$ cat my_file20.cif   # mmCIF, C-alpha atoms, pLDDT in the B column; chains and numbers go by the auth columns
data_final
#
loop_
_atom_site.group_PDB
_atom_site.id
_atom_site.type_symbol
_atom_site.label_atom_id
_atom_site.label_comp_id
_atom_site.label_asym_id
_atom_site.label_seq_id
_atom_site.Cartn_x
_atom_site.Cartn_y
_atom_site.Cartn_z
_atom_site.B_iso_or_equiv
_atom_site.auth_seq_id
_atom_site.auth_asym_id
ATOM 1 C CA ARG A 1 8.449 -7.642 4.511 33.00 89 Z
ATOM 2 C CA ASP A 2 6.374 -7.616 1.322 34.00 90 Z
ATOM 3 C CA TRP A 3 4.567 -4.278 0.946 33.00 91 Z
ATOM 4 C CA SER A 4 2.605 -5.247 -2.196 36.00 92 Z
ATOM 5 C CA SER A 5 -0.703 -4.581 -0.435 35.00 93 Z
ATOM 6 C CA ASP A 6 0.377 -1.772 1.889 37.00 94 Z
ATOM 7 C CA VAL A 7 1.772 0.310 -0.952 40.00 95 Z
ATOM 8 C CA CYS A 8 -1.747 0.728 -2.367 40.00 96 Z
ATOM 9 C CA SER A 9 -2.830 2.882 0.572 40.00 97 Z
ATOM 10 C CA SER A 10 -3.678 6.412 -0.595 43.00 98 Z
ATOM 11 C CA ASP A 11 -1.992 8.060 2.399 47.00 99 Z
ATOM 12 C CA LEU A 12 1.397 7.023 0.991 47.00 100 Z
ATOM 13 C CA HIS A 13 1.006 8.889 -2.285 70.00 101 Z
ATOM 14 C CA ASP A 14 1.830 12.540 -1.621 75.00 102 Z
ATOM 15 C CA HIS A 15 4.085 12.667 1.406 82.00 103 Z
ATOM 16 C CA LEU A 16 6.917 10.689 2.900 87.00 104 Z
ATOM 17 C CA SER A 17 6.616 8.569 6.011 86.00 105 Z
ATOM 18 C CA ASN A 18 8.515 9.210 9.231 86.00 106 Z
ATOM 19 C CA ASP A 19 7.489 12.882 9.484 83.00 107 Z
ATOM 20 C CA GLY A 20 8.632 13.586 5.947 85.00 108 Z
ATOM 21 C CA TYR A 21 12.053 11.952 6.221 84.00 109 Z
ATOM 22 C CA GLY A 22 11.016 8.703 4.565 86.00 110 Z
ATOM 23 C CA ALA A 23 11.620 5.152 5.700 91.00 111 Z
ATOM 24 C CA PRO A 24 15.053 4.324 7.189 92.00 112 Z
ATOM 25 C CA VAL A 25 17.614 3.017 4.710 96.00 113 Z
ATOM 26 C CA ALA A 26 21.059 1.446 4.869 97.00 114 Z
ATOM 27 C CA PHE A 27 23.965 2.453 2.672 97.00 115 Z
ATOM 28 C CA THR A 28 23.949 0.466 -0.576 97.00 116 Z
ATOM 29 C CA GLY A 29 25.807 2.548 -3.151 96.00 117 Z
ATOM 30 C CA MET A 30 22.555 3.587 -4.861 98.00 118 Z
ATOM 31 C CA SER A 31 21.054 7.071 -5.008 97.00 119 Z
ATOM 32 C CA TRP A 32 18.115 7.916 -2.749 97.00 120 Z
ATOM 33 C CA SER A 33 14.716 9.008 -4.101 96.00 121 Z
ATOM 34 C CA GLY A 34 11.841 10.610 -2.217 95.00 122 Z
ATOM 35 C CA PHE A 35 9.310 10.436 -5.030 95.00 123 Z
ATOM 36 C CA ARG A 36 8.620 8.230 -8.016 95.00 124 Z
ATOM 37 C CA PRO A 37 8.354 9.429 -11.640 95.00 125 Z
ATOM 38 C CA SER A 38 4.578 9.520 -11.054 92.00 126 Z
ATOM 39 C CA ASP A 39 5.137 12.136 -8.283 91.00 127 Z
ATOM 40 C CA ASP A 40 3.878 9.632 -5.710 92.00 128 Z
ATOM 41 C CA ALA A 41 5.999 9.152 -2.597 94.00 129 Z
ATOM 42 C CA CYS A 42 8.443 6.270 -2.444 95.00 130 Z
ATOM 43 C CA THR A 43 7.801 3.675 0.207 95.00 131 Z
ATOM 44 C CA TYR A 44 11.519 2.879 0.376 97.00 132 Z
ATOM 45 C CA GLY A 45 14.285 5.221 -0.708 97.00 133 Z
ATOM 46 C CA TYR A 46 16.108 3.163 -3.318 98.00 134 Z
ATOM 47 C CA LEU A 47 14.009 3.282 -6.466 98.00 135 Z
ATOM 48 C CA ILE A 48 15.512 0.630 -8.709 98.00 136 Z
ATOM 49 C CA PRO A 49 14.341 1.882 -12.148 98.00 137 Z
ATOM 50 C CA SER A 50 15.616 5.393 -11.418 98.00 138 Z
ATOM 51 C CA ASN A 51 18.976 4.072 -10.236 98.00 139 Z
ATOM 52 C CA ALA A 52 19.264 1.967 -13.374 98.00 140 Z
ATOM 53 C CA HIS A 53 18.510 5.034 -15.498 98.00 141 Z
ATOM 54 C CA ALA A 54 21.056 7.114 -13.581 98.00 142 Z
ATOM 55 C CA ALA A 55 23.760 4.498 -14.150 98.00 143 Z
ATOM 56 C CA VAL A 56 23.119 4.446 -17.894 98.00 144 Z
ATOM 57 C CA VAL A 57 23.198 8.255 -18.179 97.00 145 Z
ATOM 58 C CA LEU A 58 26.430 8.435 -16.177 97.00 146 Z
ATOM 59 C CA GLU A 59 27.963 5.820 -18.489 96.00 147 Z
ATOM 60 C CA HIS A 60 26.952 7.921 -21.492 94.00 148 Z
ATOM 61 C CA LEU A 61 28.608 10.946 -19.877 92.00 149 Z
ATOM 62 C CA ALA A 62 31.790 8.988 -19.209 91.00 150 Z
ATOM 63 C CA HIS A 63 32.028 7.852 -22.818 89.00 151 Z
ATOM 64 C CA LEU A 64 31.155 11.018 -24.709 86.00 152 Z
ATOM 65 C CA PRO A 65 33.345 11.136 -27.819 81.00 153 Z
ATOM 66 C CA ASP A 66 34.200 14.833 -27.392 74.00 154 Z
ATOM 67 C CA THR A 67 36.894 14.798 -24.719 66.00 155 Z
ATOM 68 C CA THR A 68 37.013 18.599 -24.656 70.00 156 Z
ATOM 69 C CA ALA A 69 33.401 18.852 -23.480 75.00 157 Z
ATOM 70 C CA VAL A 70 33.835 16.746 -20.349 79.00 158 Z
ATOM 71 C CA PRO A 71 36.900 17.118 -18.099 86.00 159 Z
ATOM 72 C CA GLU A 72 38.731 13.846 -17.495 88.00 160 Z
ATOM 73 C CA ALA A 73 38.141 14.042 -13.748 90.00 161 Z
ATOM 74 C CA LEU A 74 34.375 14.352 -14.267 91.00 162 Z
ATOM 75 C CA ARG A 75 34.444 11.546 -16.819 90.00 163 Z
ATOM 76 C CA ALA A 76 36.244 9.235 -14.377 93.00 164 Z
ATOM 77 C CA ARG A 77 33.903 10.167 -11.533 95.00 165 Z
ATOM 78 C CA ALA A 78 30.825 9.457 -13.661 95.00 166 Z
ATOM 79 C CA GLU A 79 32.199 6.055 -14.626 96.00 167 Z
ATOM 80 C CA THR A 80 32.983 5.178 -11.010 97.00 168 Z
ATOM 81 C CA ILE A 81 29.555 6.192 -9.707 97.00 169 Z
ATOM 82 C CA ALA A 82 27.833 4.302 -12.524 98.00 170 Z
ATOM 83 C CA ALA A 83 29.791 1.159 -11.679 98.00 171 Z
ATOM 84 C CA HIS A 84 28.873 1.486 -8.000 98.00 172 Z
ATOM 85 C CA ILE A 85 25.196 1.877 -8.833 98.00 173 Z
ATOM 86 C CA ARG A 86 25.226 -1.128 -11.190 98.00 174 Z
ATOM 87 C CA GLU A 87 26.849 -3.291 -8.559 98.00 175 Z
ATOM 88 C CA ALA A 88 24.405 -2.080 -5.895 98.00 176 Z
ATOM 89 C CA VAL A 89 21.348 -2.748 -8.070 98.00 177 Z
ATOM 90 C CA GLN A 90 22.528 -6.281 -8.769 97.00 178 Z
ATOM 91 C CA HIS A 91 23.309 -6.910 -5.090 97.00 179 Z
ATOM 92 C CA HIS A 92 20.471 -5.067 -3.320 97.00 180 Z
ATOM 93 C CA GLY A 93 17.866 -4.414 -6.022 98.00 181 Z
ATOM 94 C CA THR A 94 16.882 -7.934 -6.961 97.00 182 Z
ATOM 95 C CA THR A 95 14.374 -10.271 -5.385 96.00 183 Z
ATOM 96 C CA HIS A 96 12.545 -13.469 -6.292 95.00 184 Z
ATOM 97 C CA ALA A 97 9.095 -13.923 -7.817 93.00 185 Z
ATOM 98 C CA ASN A 98 7.642 -17.292 -8.800 92.00 186 Z
ATOM 99 C CA GLY A 99 11.034 -18.852 -8.189 94.00 187 Z
ATOM 100 C CA ASP A 100 12.818 -16.502 -10.622 96.00 188 Z
ATOM 101 C CA LEU A 101 15.329 -13.759 -9.942 98.00 189 Z
ATOM 102 C CA THR A 102 13.662 -10.411 -10.719 98.00 190 Z
ATOM 103 C CA TYR A 103 14.250 -6.725 -10.153 98.00 191 Z
ATOM 104 C CA ALA A 104 12.462 -5.098 -7.228 98.00 192 Z
ATOM 105 C CA TYR A 105 10.765 -1.716 -7.595 98.00 193 Z
ATOM 106 C CA GLU A 106 12.007 -0.219 -4.322 98.00 194 Z
ATOM 107 C CA VAL A 107 14.269 -1.453 -1.535 98.00 195 Z
ATOM 108 C CA ASP A 108 15.747 0.004 1.631 97.00 196 Z
ATOM 109 C CA GLY A 109 18.980 -1.994 1.905 97.00 197 Z
ATOM 110 C CA LEU A 110 17.676 -3.476 5.134 97.00 198 Z
ATOM 111 C CA GLY A 111 15.862 -6.398 3.532 96.00 199 Z
ATOM 112 C CA ASN A 112 12.526 -4.725 2.809 97.00 200 Z
ATOM 113 C CA VAL A 113 11.193 -4.572 -0.736 97.00 201 Z
ATOM 114 C CA VAL A 114 8.270 -3.191 -2.739 97.00 202 Z
ATOM 115 C CA HIS A 115 7.035 -5.627 -5.390 96.00 203 Z
ATOM 116 C CA MET A 116 5.257 -3.566 -8.083 97.00 204 Z
ATOM 117 C CA ASP A 117 5.770 -1.540 -11.216 98.00 205 Z
ATOM 118 C CA ASP A 118 4.248 1.805 -12.160 98.00 206 Z
ATOM 119 C CA ALA A 119 3.351 3.030 -15.654 97.00 207 Z
ATOM 120 C CA ASN A 120 5.594 6.090 -15.439 97.00 208 Z
ATOM 121 C CA VAL A 121 9.143 5.936 -16.770 97.00 209 Z
ATOM 122 C CA PRO A 122 11.711 5.037 -15.442 98.00 210 Z
ATOM 123 C CA SER A 123 9.980 1.750 -14.706 98.00 211 Z
ATOM 124 C CA LEU A 124 10.996 -1.873 -14.501 98.00 212 Z
ATOM 125 C CA LEU A 125 9.183 -2.532 -17.770 98.00 213 Z
ATOM 126 C CA SER A 126 11.245 0.160 -19.509 98.00 214 Z
ATOM 127 C CA LEU A 127 14.708 -1.102 -18.473 98.00 215 Z
ATOM 128 C CA PRO A 128 15.792 -2.166 -22.023 97.00 216 Z
ATOM 129 C CA TYR A 129 14.364 1.077 -23.434 97.00 217 Z
ATOM 130 C CA LEU A 130 16.543 3.007 -20.985 97.00 218 Z
ATOM 131 C CA GLY A 131 19.615 1.004 -22.024 97.00 219 Z
ATOM 132 C CA TRP A 132 20.068 -0.868 -18.749 98.00 220 Z
ATOM 133 C CA CYS A 133 19.837 -4.339 -20.279 97.00 221 Z
ATOM 134 C CA ALA A 134 18.858 -6.225 -23.416 96.00 222 Z
ATOM 135 C CA SER A 135 15.209 -7.072 -24.010 95.00 223 Z
ATOM 136 C CA ASP A 136 16.072 -10.780 -23.833 95.00 224 Z
ATOM 137 C CA ASP A 137 18.040 -10.532 -20.570 97.00 225 Z
ATOM 138 C CA PRO A 138 16.822 -13.419 -18.331 97.00 226 Z
ATOM 139 C CA VAL A 139 16.352 -11.296 -15.197 98.00 227 Z
ATOM 140 C CA TYR A 140 14.477 -8.677 -17.207 98.00 228 Z
ATOM 141 C CA LEU A 141 12.261 -11.289 -18.861 98.00 229 Z
ATOM 142 C CA ALA A 142 11.337 -12.761 -15.471 98.00 230 Z
ATOM 143 C CA THR A 143 10.638 -9.248 -14.183 98.00 231 Z
ATOM 144 C CA ARG A 144 8.569 -8.454 -17.260 98.00 232 Z
ATOM 145 C CA ARG A 145 6.430 -11.571 -16.825 97.00 233 Z
ATOM 146 C CA TRP A 146 5.697 -10.549 -13.267 98.00 234 Z
ATOM 147 C CA VAL A 147 4.914 -6.865 -13.887 98.00 235 Z
ATOM 148 C CA LEU A 148 2.629 -7.725 -16.828 98.00 236 Z
ATOM 149 C CA SER A 149 0.561 -10.062 -14.670 97.00 237 Z
ATOM 150 C CA GLN A 150 -2.107 -9.771 -12.013 97.00 238 Z
ATOM 151 C CA GLN A 151 0.618 -10.233 -9.399 97.00 239 Z
ATOM 152 C CA ASN A 152 1.670 -6.630 -10.004 97.00 240 Z
ATOM 153 C CA PRO A 153 -0.792 -4.566 -7.907 97.00 241 Z
ATOM 154 C CA TRP A 154 -0.894 -1.904 -10.652 97.00 242 Z
ATOM 155 C CA PHE A 155 -1.485 -4.225 -13.585 98.00 243 Z
ATOM 156 C CA VAL A 156 -4.939 -3.660 -15.096 97.00 244 Z
ATOM 157 C CA SER A 157 -6.843 -5.965 -17.428 97.00 245 Z
ATOM 158 C CA GLY A 158 -10.245 -5.241 -18.942 98.00 246 Z
ATOM 159 C CA SER A 159 -12.410 -5.820 -21.979 98.00 247 Z
ATOM 160 C CA HIS A 160 -10.575 -3.218 -24.105 97.00 248 Z
ATOM 161 C CA ALA A 161 -7.017 -3.146 -22.808 98.00 249 Z
ATOM 162 C CA ALA A 162 -4.440 -4.614 -20.477 98.00 250 Z
ATOM 163 C CA GLY A 163 -1.348 -2.949 -19.107 98.00 251 Z
ATOM 164 C CA ILE A 164 0.163 -1.126 -16.182 98.00 252 Z
ATOM 165 C CA GLY A 165 -1.644 1.620 -14.307 97.00 253 Z
ATOM 166 C CA SER A 166 -0.644 3.781 -11.372 95.00 254 Z
ATOM 167 C CA PRO A 167 -1.811 4.887 -7.927 92.00 255 Z
ATOM 168 C CA HIS A 168 -1.661 8.360 -9.487 89.00 256 Z
ATOM 169 C CA THR A 169 -4.881 7.724 -11.458 93.00 257 Z
ATOM 170 C CA PRO A 170 -8.262 6.125 -10.668 95.00 258 Z
ATOM 171 C CA PRO A 171 -8.597 2.366 -10.177 96.00 259 Z
ATOM 172 C CA GLY A 172 -9.059 0.288 -13.321 97.00 260 Z
ATOM 173 C CA HIS A 173 -7.149 2.751 -15.510 98.00 261 Z
ATOM 174 C CA VAL A 174 -4.282 1.657 -17.755 98.00 262 Z
ATOM 175 C CA TRP A 175 -1.677 4.079 -19.114 98.00 263 Z
ATOM 176 C CA PRO A 176 -0.912 4.320 -22.861 98.00 264 Z
ATOM 177 C CA ILE A 177 2.714 5.051 -21.935 98.00 265 Z
ATOM 178 C CA ALA A 178 2.992 1.593 -20.404 98.00 266 Z
ATOM 179 C CA ILE A 179 1.267 -0.058 -23.362 98.00 267 Z
ATOM 180 C CA ALA A 180 3.702 1.646 -25.751 98.00 268 Z
ATOM 181 C CA LEU A 181 6.681 0.677 -23.582 98.00 269 Z
ATOM 182 C CA ALA A 182 5.498 -2.931 -23.548 98.00 270 Z
ATOM 183 C CA GLY A 183 5.667 -2.813 -27.346 97.00 271 Z
ATOM 184 C CA LEU A 184 8.995 -0.959 -27.447 97.00 272 Z
ATOM 185 C CA THR A 185 10.653 -3.491 -25.141 97.00 273 Z
ATOM 186 C CA ALA A 186 9.066 -6.601 -26.644 94.00 274 Z
ATOM 187 C CA ALA A 187 11.375 -9.252 -28.040 87.00 275 Z
ATOM 188 C CA GLU A 188 8.684 -10.354 -30.509 85.00 276 Z
ATOM 189 C CA THR A 189 7.294 -8.152 -33.293 87.00 277 Z
ATOM 190 C CA THR A 190 3.817 -9.637 -32.756 92.00 278 Z
ATOM 191 C CA GLU A 191 3.734 -8.218 -29.240 93.00 279 Z
ATOM 192 C CA ALA A 192 4.756 -4.795 -30.530 94.00 280 Z
ATOM 193 C CA GLN A 193 1.958 -4.918 -33.109 95.00 281 Z
ATOM 194 C CA GLN A 194 -0.537 -5.890 -30.433 96.00 282 Z
ATOM 195 C CA ALA A 195 0.479 -2.820 -28.445 97.00 283 Z
ATOM 196 C CA LEU A 196 -0.010 -0.599 -31.495 97.00 284 Z
ATOM 197 C CA ASP A 197 -3.443 -2.082 -32.181 97.00 285 Z
ATOM 198 C CA MET A 198 -4.465 -1.604 -28.562 98.00 286 Z
ATOM 199 C CA LEU A 199 -3.403 2.045 -28.506 98.00 287 Z
ATOM 200 C CA GLU A 200 -5.124 2.870 -31.788 96.00 288 Z
ATOM 201 C CA SER A 201 -8.390 1.243 -30.711 97.00 289 Z
ATOM 202 C CA THR A 202 -8.609 2.970 -27.330 97.00 290 Z
ATOM 203 C CA ASP A 203 -8.168 6.684 -28.106 96.00 291 Z
ATOM 204 C CA ALA A 204 -11.953 7.238 -27.748 96.00 292 Z
ATOM 205 C CA GLY A 205 -12.046 8.688 -31.254 95.00 293 Z
ATOM 206 C CA THR A 206 -9.921 11.699 -30.249 95.00 294 Z
ATOM 207 C CA GLY A 207 -6.845 10.882 -32.325 94.00 295 Z
ATOM 208 C CA GLN A 208 -4.717 11.524 -29.238 95.00 296 Z
ATOM 209 C CA MET A 209 -3.209 9.495 -26.439 96.00 297 Z
ATOM 210 C CA HIS A 210 -4.501 10.110 -22.928 97.00 298 Z
ATOM 211 C CA GLU A 211 -2.738 9.940 -19.607 97.00 299 Z
ATOM 212 C CA SER A 212 -4.843 6.904 -18.678 97.00 300 Z
ATOM 213 C CA PHE A 213 -8.162 5.321 -19.583 98.00 301 Z
ATOM 214 C CA HIS A 214 -10.466 2.744 -18.067 98.00 302 Z
ATOM 215 C CA ALA A 215 -9.637 -0.725 -19.358 98.00 303 Z
ATOM 216 C CA ASP A 216 -13.354 -1.505 -19.765 98.00 304 Z
ATOM 217 C CA ASP A 217 -14.360 1.890 -21.203 98.00 305 Z
ATOM 218 C CA PRO A 218 -11.791 3.883 -23.225 97.00 306 Z
ATOM 219 C CA HIS A 219 -14.164 6.876 -23.248 97.00 307 Z
ATOM 220 C CA THR A 220 -13.461 7.288 -19.546 97.00 308 Z
ATOM 221 C CA PHE A 221 -10.000 8.807 -19.394 97.00 309 Z
ATOM 222 C CA THR A 222 -7.746 11.276 -17.585 95.00 310 Z
ATOM 223 C CA ARG A 223 -6.175 14.183 -19.485 92.00 311 Z
ATOM 224 C CA PRO A 224 -7.611 14.465 -23.005 90.00 312 Z
ATOM 225 C CA TRP A 225 -4.118 15.093 -24.351 90.00 313 Z
ATOM 226 C CA PHE A 226 -0.847 13.854 -22.885 93.00 314 Z
ATOM 227 C CA SER A 227 2.207 14.566 -25.030 94.00 315 Z
ATOM 228 C CA TRP A 228 4.384 12.039 -23.212 94.00 316 Z
ATOM 229 C CA ALA A 229 1.957 9.280 -24.222 96.00 317 Z
ATOM 230 C CA ASP A 230 1.761 10.685 -27.751 96.00 318 Z
ATOM 231 C CA MET A 231 5.528 10.522 -28.148 96.00 319 Z
ATOM 232 C CA THR A 232 5.884 6.972 -26.857 96.00 320 Z
ATOM 233 C CA TYR A 233 3.150 5.955 -29.310 97.00 321 Z
ATOM 234 C CA VAL A 234 4.976 7.752 -32.149 96.00 322 Z
ATOM 235 C CA HIS A 235 8.234 6.060 -31.191 96.00 323 Z
ATOM 236 C CA LEU A 236 6.501 2.685 -31.305 96.00 324 Z
ATOM 237 C CA VAL A 237 5.099 3.482 -34.763 96.00 325 Z
ATOM 238 C CA LEU A 238 8.512 4.577 -36.060 95.00 326 Z
ATOM 239 C CA ARG A 239 10.156 1.499 -34.557 92.00 327 Z
ATOM 240 C CA SER A 240 7.609 -0.768 -36.251 91.00 328 Z
ATOM 241 C CA LEU A 241 8.451 0.892 -39.584 90.00 329 Z
ATOM 242 C CA GLY A 242 12.191 0.623 -39.009 88.00 330 Z
ATOM 243 C CA LEU A 243 12.546 4.407 -38.876 88.00 331 Z
ATOM 244 C CA ALA A 244 13.376 4.979 -35.194 76.00 332 Z
ATOM 245 C CA PHE A 245 16.839 6.226 -34.248 69.00 333 Z
ATOM 246 C CA ASP A 246 17.425 4.286 -31.030 68.00 334 Z
#

$ encode --input "my_file20.cif" --output "structure tokens"
Amino acid sequence: RDWSSDVCSSDLHDHLSNDGYGAPVAFTGMSWSGFRPSDDACTYGYLIPSNAHAAVVLEHLAHLPDTTAVPEALRARAETIAAHIREAVQHHGTTHANGDLTYAYEVDGLGNVVHMDDANVPSLLSLPYLGWCASDDPVYLATRRWVLSQQNPWFVSGSHAAGIGSPHTPPGHVWPIAIALAGLTAAETTEAQQALDMLESTDAGTGQMHESFHADDPHTFTRPWFSWADMTYVHLVLRSLGLAFD
């Protein structure tokens, strides 16, 4: 079942279904999540961006250069779990959109899937930024095309900006975090520059990044100062100048 429309219902945002237990899931080898990075409740328990992030972090742990800091048994366990998660994401966490293989946002291992992406990180848009894949990976590129289109229920386009929003903020609002991540994961420098220009022209004269703002009116925003958005903007600036340590 495609929950693209159902997932927009406000009663799904702050508590889990099934009397707080969440939707039923099958074993897949992935880790279970109750809530998304936005703090909104998951519709299905296997949140693909978070599993991808977990796999990458576990791989970093397994390959730390200082062998005295991480016991060999822990190192081996981290590597094994990471491999299981990677295999599970590839097997259970993909779907099809417009005839292309793409990553899903959430699945349950029973065949149900949520087609969307949220501005908060980990997100599908941020997968190369997290180290899961290259920015020119074919499955990622197909996923990126979908999430940065009107087919994504949380994609917002207006007279001043276009990008990914969230059920966590009012309708019509785009998040600077997502705009910055679109630039940071872009394969083309022109797209990164467009993201920078968009961010700098929509700060409502405050000199700061907001949590979100209305795509048709940047002076309508949530949170006058949001350090997470500030830092993704700064990272994009440093990357554009060749000064980022990625």

$ closest_residue --input "my_file20.cif" --among "Z:Glu167, Z:Asp224, Z:Asp305, Z:Asp128" --to "Z:Ser245" --atoms "all atoms listed in the file"
Z:Asp305

$ axis_aligned_box --input "my_file20.cif" --around "stretch 137-149 of chain Z" --padding-each-side "4 Å" --output "JSON"
{"center_x": 21.5, "center_y": 6.4, "center_z": -15.9, "size_x": 22.3, "size_y": 17.1, "size_z": 19.3}

$ residues_around --input "my_file20.cif" --residues "Z:Asp127" --least-positions-apart "3" --cutoff "12 Å" --atoms "only C-alpha atoms" --output "VMD selection string"
chain Z and resid 100 to 104 121 to 124 130 206 to 209 254 to 257

$ resolve_selection --input "my_file20.cif" --expression "the PyMOL selection byres ((chain Z and resi 270-276) around 10)" --output "ChimeraX atom specification"
/Z:213-218,222-224,229,232,236,251-252,264-269,277-284,320-321,323-325,327-328

$ atom_distance --input "my_file20.cif" --atom1 "atom CA of Z:Arg165" --atom2 "atom CA of Z:Val145"
12.7 Å

$ residues_around --input "my_file20.cif" --residues "stretch 179-183 of chain Z" --least-positions-apart "2" --cutoff "9 Å" --atoms "all atoms listed in the file" --output "PyMOL selection string"
chain Z and resi 116+134-136+174-177+185+188-197+199+201+203+227

$ atom_distance --input "my_file20.cif" --atom1 "atom CA of Z:Ser211" --atom2 "atom CA of Z:Trp316"
14.5 Å

$ atom_distance --input "my_file20.cif" --atom1 "atom CA of Z:Arg163" --atom2 "atom CA of Z:Leu149"
6.6 Å

$ closest_residue --input "my_file20.cif" --among "Z:Gly187, Z:Gly108, Z:Gly330, Z:Gly260" --to "Z:Thr308" --atoms "only C-alpha atoms"
Z:Gly260

$ resolve_selection --input "my_file20.cif" --expression "the PyMOL selection byres ((chain Z and resi 303) around 8)" --output "short mmCIF file (atom, residue, chain, number, x, y, z; two decimals) with C-alpha atoms, keeping the file's coordinate frame"
data_model
loop_
_atom_site.label_atom_id
_atom_site.label_comp_id
_atom_site.auth_asym_id
_atom_site.auth_seq_id
_atom_site.Cartn_x
_atom_site.Cartn_y
_atom_site.Cartn_z
CA VAL Z 244 -4.94 -3.66 -15.10
CA SER Z 245 -6.84 -5.96 -17.43
CA GLY Z 246 -10.24 -5.24 -18.94
CA SER Z 247 -12.41 -5.82 -21.98
CA HIS Z 248 -10.58 -3.22 -24.10
CA ALA Z 249 -7.02 -3.15 -22.81
CA ALA Z 250 -4.44 -4.61 -20.48
CA GLY Z 260 -9.06 0.29 -13.32
CA HIS Z 261 -7.15 2.75 -15.51
CA VAL Z 262 -4.28 1.66 -17.76
CA PHE Z 301 -8.16 5.32 -19.58
CA HIS Z 302 -10.47 2.74 -18.07
CA ASP Z 304 -13.35 -1.50 -19.76
CA ASP Z 305 -14.36 1.89 -21.20
CA PRO Z 306 -11.79 3.88 -23.22
#

$ closest_residue --input "my_file20.cif" --among "Z:His151, Z:His184, Z:Gln296, Z:Leu198" --to "Z:Gly133" --atoms "all atoms listed in the file"
Z:Leu198

$ resolve_selection --input "my_file20.cif" --expression "the PyMOL selection byres ((chain Z and resi 299) around 7)" --output "short mmCIF file (atom, residue, chain, number, x, y, z; two decimals) with C-alpha atoms, in the frame of the given file"
data_model
loop_
_atom_site.label_atom_id
_atom_site.label_comp_id
_atom_site.auth_asym_id
_atom_site.auth_seq_id
_atom_site.Cartn_x
_atom_site.Cartn_y
_atom_site.Cartn_z
CA TRP Z 263 -1.68 4.08 -19.11
CA PRO Z 264 -0.91 4.32 -22.86
CA MET Z 297 -3.21 9.49 -26.44
CA HIS Z 298 -4.50 10.11 -22.93
CA SER Z 300 -4.84 6.90 -18.68
CA THR Z 310 -7.75 11.28 -17.58
CA ARG Z 311 -6.18 14.18 -19.48
CA PHE Z 314 -0.85 13.85 -22.88
CA ALA Z 317 1.96 9.28 -24.22
#

$ residues_around --input "my_file20.cif" --residues "Z:His148" --least-positions-apart "6" --cutoff "12 Å" --atoms "only C-alpha atoms" --output "VMD selection string"
chain Z and resid 141 to 142 154 158 163 to 164 166 to 167 170 218 to 220

$ closest_residue --input "my_file20.cif" --among "Z:Met118, Z:Asp205, Z:Pro312, Z:Gln178" --to "Z:Gly253" --atoms "only C-alpha atoms"
Z:Asp205
